[in-house]
Amino acid sequence: MQNGAHGVAKEQPRVTLYIILTTAFLSLCFLLSLSSSYHSSPPYTGSNGIRPDPRLFPSSSKIAADTSPPSIAYLISGSSGDSRRILRLLFAAYHPRNRYLLHLESLATQSERDRLALTVGDVPIFRAARNVDVVGRPDFAYRRGSSPMASTLHGASILLRLSGAWDWFVDLSVDEYPLVTQDELLHILSHLPKDLNFVNHTSYIGWKESRRLKPVIVDPGLYLVEKTDMFFASQKRELPKAFKLFSGPSFSILSRSFIEHCVLGTDNFPRTLLMYLSNTPASLSNYFPTILCNSNLFKKTIINNNLLYLASNDTSKERHHQLDPKEFTEMVQSGAAFARVSTFDDTVLDRIDHELLGRAHGEVVPGGWCLGDSGDNRSPCSVWGDSGILRPGSGSERLERRIVELLSNDWFRLHQCISE
């Protein structure tokens with residue numbers, strides 16, 4: 001009996017050692033499979049689960065995953081009659097590595113929305129990259145009120161669900177247009193920390209700002225399907241004391257980590273602020289700057305410049321601003337990545353396409369992924385290759401100078417979330 005017990009006791013360490021070695025071997029195989037699949041997989045799959053063209057994301061790419069170019073998620077929004085402007089903006093800001101969500105708000109007809117989706121589906125490179133989607137159930141967003149904030153957060157949450165690979169979020173309206181190619185923008189961003197947020201912001205609240213923060217309103221865009229007048233309450237409320245309000249233009253370039261913090265984070269402040277601003281006339285211009293500057297995690301990541309050029313005679317009262325062609329040189333030399341423009345047939349847009357982007361009418365902007373020969377009257381992007389290959393031009397030099405100015409001599413530290 002003792003001999004049998006001694007034999008079992010002697011055999012048990014062998015069994016245990018065998019289990020440990022087997023488990024370690026299987027774990028190693030699992031980790032190796034994860035490593036190989038990470039390097040070979042494209043940055044996203046299509047919305048229907050179909051992977052993009054492998055020529056755009058080759059498994060044998062020479063660019064390692066940790067040094068590959070970044071990716072931007074674009075929410076491109078417009079209203080009724082803006083389909084052509086949305087498409088032009090999409091072509092001007094397109095790159096296979098990025099993700100695009102097109103949103104025609106509810107004032108547009110469903111037939112207009114369907115035509116936009118069909119047009120997108122007819123573009124070969126969009127089908128190959130599978131990175132352009134159209135919102136099927138649109139939001140209704142006023143220029144004022146909290147519905148624009150709800151629409152932006154809705155678009156950001158969809159983009160988070162569609163792709164796990166993008167690094168920055170940009171909310172573009174049809175009133176904005178790129179001044180650099182995506183190859184140039186991605187090239188510069190590839191040299192920057194991915195937690196940076198480009199947001200114009202200030203804590204100064206004068207009488208004009210008080211008029212946008214103290215009134216209590218009810219935004220009909222949150223609960224009605226037709227456009228009606230906004231309801232203003234007779235009483236006004238005091239400014240908050242539990243946190244510091246910051247404001248700025250609605251255009252910004254936000255990091256993925258910050259968007260995840262706003263949409264998915266465990267910190268309750270983004271939701272608390274959402275409730276507070278739901279009855280405020282200017283919610284979107286206050287939402288992101290206030291969260292950034294009241295967060296110990298993110299307030300050191302903000303750069304007080306959104307890389308957007310505004311014409312000198314552009315005012316907040318002018319929704320449709322005609323960019324003066326004489327300002328073209330000033331606009332280019334500003335080093336901005338985008339400009340505020342509003343007229344689709346503006347000759348300045350044509351000049352931007354021709355001189356800055358190298359884009360032909362009805363075509364996407366050529367990049368390093370375009371392998372076609374332009375000499376045979378075909379688009380160079382009719383034949384494509386590795387989307388990880390960038391071919392930056394002079395626009396990257398202008399943007400680089402601007403970024404260096406913002407980061408040099410601790411300029412951005414001295415202009416971060418200053419209490420005035």
# chains A, B, ... in the order shown; residues from 1 in each chain; ligands from 1

$ residues_around --residues "Leu254 of chain A" --least-positions-apart "2" --cutoff "9 Å" --atoms "only C-alpha atoms" --output "ChimeraX atom specification"
/A:167-170,195-199,252,256-259,288

$ write_last_selection --atoms "N, CA and C atoms" --output "compact mmCIF listing (two decimals), in the first residue's frame"
# COMPACT_ATOMS: atom_id res chain seq x y z
N ASP A 167 -6.37 56.56 -35.95
CA ASP A 167 -5.64 57.22 -34.87
C ASP A 167 -6.17 58.61 -34.52
N TRP A 168 -6.75 59.32 -35.49
CA TRP A 168 -7.31 60.65 -35.24
C TRP A 168 -8.71 60.75 -35.85
N PHE A 169 -9.52 61.62 -35.27
CA PHE A 169 -10.90 61.85 -35.72
C PHE A 169 -11.03 63.30 -36.18
N VAL A 170 -11.61 63.49 -37.37
CA VAL A 170 -11.83 64.83 -37.92
C VAL A 170 -13.28 64.93 -38.38
N ASP A 195 -1.42 60.81 -29.24
CA ASP A 195 -2.37 61.31 -28.25
C ASP A 195 -2.58 62.82 -28.34
N LEU A 196 -1.95 63.49 -29.33
CA LEU A 196 -2.11 64.94 -29.46
C LEU A 196 -3.50 65.29 -29.97
N ASN A 197 -4.04 66.41 -29.46
CA ASN A 197 -5.34 66.93 -29.88
C ASN A 197 -5.17 68.38 -30.33
N PHE A 198 -5.57 68.67 -31.56
CA PHE A 198 -5.43 70.01 -32.12
C PHE A 198 -6.78 70.72 -31.97
N VAL A 199 -6.88 71.57 -30.95
CA VAL A 199 -8.16 72.20 -30.61
C VAL A 199 -7.92 73.65 -30.22
N SER A 252 -11.88 70.53 -35.17
CA SER A 252 -10.74 70.10 -34.38
C SER A 252 -10.23 68.77 -34.92
N ARG A 256 -7.77 59.31 -31.12
CA ARG A 256 -8.69 58.19 -30.89
C ARG A 256 -8.87 57.93 -29.40
N SER A 257 -7.77 58.02 -28.63
CA SER A 257 -7.88 57.76 -27.20
C SER A 257 -8.83 58.75 -26.53
N PHE A 258 -8.83 60.00 -26.99
CA PHE A 258 -9.74 60.98 -26.41
C PHE A 258 -11.19 60.71 -26.83
N ILE A 259 -11.40 60.33 -28.08
CA ILE A 259 -12.76 59.98 -28.53
C ILE A 259 -13.29 58.78 -27.75
N PHE A 288 -15.83 69.51 -26.41
CA PHE A 288 -14.50 68.90 -26.44
C PHE A 288 -13.44 69.73 -25.70

$ select_by_dssp --residues "segment 86-320 of chain A" --states "alpha helix (DSSP H)" --output "VMD selection string"
chain A and resid 86 to 92 110 to 121 124 to 129 147 to 162 182 to 189 207 to 213 256 to 263 269 to 277 284 to 293

$ residues_around --residues "Ala156 of chain A" --least-positions-apart "5" --cutoff "9 Å" --atoms "only C-alpha atoms" --output "list in words"
Ala73, Tyr74, Leu75, Ser151, Arg161, Phe169, Asp171, Ile259, Glu260 and Val263 of chain A

$ select_by_dssp --residues "segment 108-291 of chain A" --states "strand (DSSP E)" --output "NGL selection string"
:A and (132-134 or 168-173 or 176-178 or 197-198 or 215-218 or 231-236 or 253-255)

$ atom_distance --atom1 "atom CA of Leu277 of chain A" --atom2 "atom CA of Met149 of chain A"
9.0 Å

$ atom_distance --atom1 "atom CA of Glu184 of chain A" --atom2 "atom CA of Asn131 of chain A"
19.5 Å

$ closest_residue --among "A:Ser255, A:Tyr204, A:Thr280, A:Lys326" --to "Arg237 of chain A" --atoms "only C-alpha atoms"
A:Thr280

$ residues_around --residues "Glu112 of chain A" --least-positions-apart "5" --cutoff "9 Å" --atoms "only C-alpha atoms" --output "PyMOL selection string"
chain A and resi 80-81+83+104+117

$ atom_distance --atom1 "atom CA of Gly395 of chain A" --atom2 "atom CA of Pro69 of chain A"
16.8 Å

$ residues_around --residues "Thr181 of chain A" --least-positions-apart "2" --cutoff "10 Å" --atoms "only C-alpha atoms" --output "VMD selection string"
chain A and resid 92 to 95 178 to 179 183 to 187 337 353 356 to 359 365 to 367 391 to 396

$ closest_residue --among "A:Pro289, A:Gly145, A:Pro325, A:Pro193" --to "Leu407 of chain A" --atoms "only C-alpha atoms"
A:Pro193

$ residues_around --residues "Met230 of chain A" --least-positions-apart "2" --cutoff "8 Å" --atoms "only C-alpha atoms" --output "list in words"
Ile217, Val218, Asp219, Pro220, Thr228 and Phe232 of chain A

$ write_last_selection --atoms "N, CA, C and O atoms" --output "PDB file, in the first residue's frame"
ATOM      1  N   ILE A 217     -32.221  76.619 -23.566  1.00  0.00           N
ATOM      2  CA  ILE A 217     -32.970  76.383 -24.810  1.00  0.00           C
ATOM      3  C   ILE A 217     -33.407  74.919 -24.881  1.00  0.00           C
ATOM      4  O   ILE A 217     -32.905  74.058 -24.144  1.00  0.00           O
ATOM      5  N   VAL A 218     -34.332  74.668 -25.762  1.00  0.00           N
ATOM      6  CA  VAL A 218     -34.731  73.303 -26.104  1.00  0.00           C
ATOM      7  C   VAL A 218     -34.524  73.141 -27.604  1.00  0.00           C
ATOM      8  O   VAL A 218     -35.144  73.847 -28.400  1.00  0.00           O
ATOM      9  N   ASP A 219     -33.623  72.255 -27.975  1.00  0.00           N
ATOM     10  CA  ASP A 219     -33.276  72.039 -29.378  1.00  0.00           C
ATOM     11  C   ASP A 219     -34.283  71.074 -30.005  1.00  0.00           C
ATOM     12  O   ASP A 219     -34.308  69.887 -29.668  1.00  0.00           O
ATOM     13  N   PRO A 220     -35.137  71.545 -30.932  1.00  0.00           N
ATOM     14  CA  PRO A 220     -36.131  70.649 -31.544  1.00  0.00           C
ATOM     15  C   PRO A 220     -35.500  69.564 -32.404  1.00  0.00           C
ATOM     16  O   PRO A 220     -36.153  68.576 -32.741  1.00  0.00           O
ATOM     17  N   THR A 228     -38.054  73.492 -37.031  1.00  0.00           N
ATOM     18  CA  THR A 228     -38.906  74.465 -36.359  1.00  0.00           C
ATOM     19  C   THR A 228     -38.018  75.427 -35.584  1.00  0.00           C
ATOM     20  O   THR A 228     -36.821  75.216 -35.429  1.00  0.00           O
ATOM     21  N   PHE A 232     -36.622  79.112 -26.474  1.00  0.00           N
ATOM     22  CA  PHE A 232     -35.801  79.742 -25.456  1.00  0.00           C
ATOM     23  C   PHE A 232     -36.631  79.932 -24.184  1.00  0.00           C
ATOM     24  O   PHE A 232     -37.753  80.447 -24.234  1.00  0.00           O
TER      25      PHE A 232
END

$ residues_around --residues "segment 308-311 of chain A" --least-positions-apart "3" --cutoff "6 Å" --atoms "only C-alpha atoms" --output "number ranges by chain"
A: 314, 336, 338-340

$ write_last_selection --atoms "N, CA, C and O atoms" --output "short mmCIF file (atom, residue, chain, number, x, y, z; two decimals), in the first residue's frame"
data_model
loop_
_atom_site.label_atom_id
_atom_site.label_comp_id
_atom_site.auth_asym_id
_atom_site.auth_seq_id
_atom_site.Cartn_x
_atom_site.Cartn_y
_atom_site.Cartn_z
N ASP A 314 -13.71 86.47 -42.63
CA ASP A 314 -14.72 85.47 -42.31
C ASP A 314 -15.20 85.71 -40.88
O ASP A 314 -14.41 85.78 -39.95
N ALA A 336 -1.62 75.72 -42.80
CA ALA A 336 -2.79 75.01 -42.30
C ALA A 336 -3.03 73.75 -43.13
O ALA A 336 -2.66 73.66 -44.30
N PHE A 338 -6.25 72.51 -43.39
CA PHE A 338 -7.58 72.67 -43.96
C PHE A 338 -7.91 74.16 -44.01
O PHE A 338 -7.28 74.97 -43.35
N ALA A 339 -8.91 74.50 -44.80
CA ALA A 339 -9.38 75.89 -44.90
C ALA A 339 -10.90 75.91 -44.82
O ALA A 339 -11.57 74.94 -45.21
N ARG A 340 -11.44 77.01 -44.32
CA ARG A 340 -12.88 77.20 -44.29
C ARG A 340 -13.32 77.86 -45.59
O ARG A 340 -13.00 79.01 -45.88
#
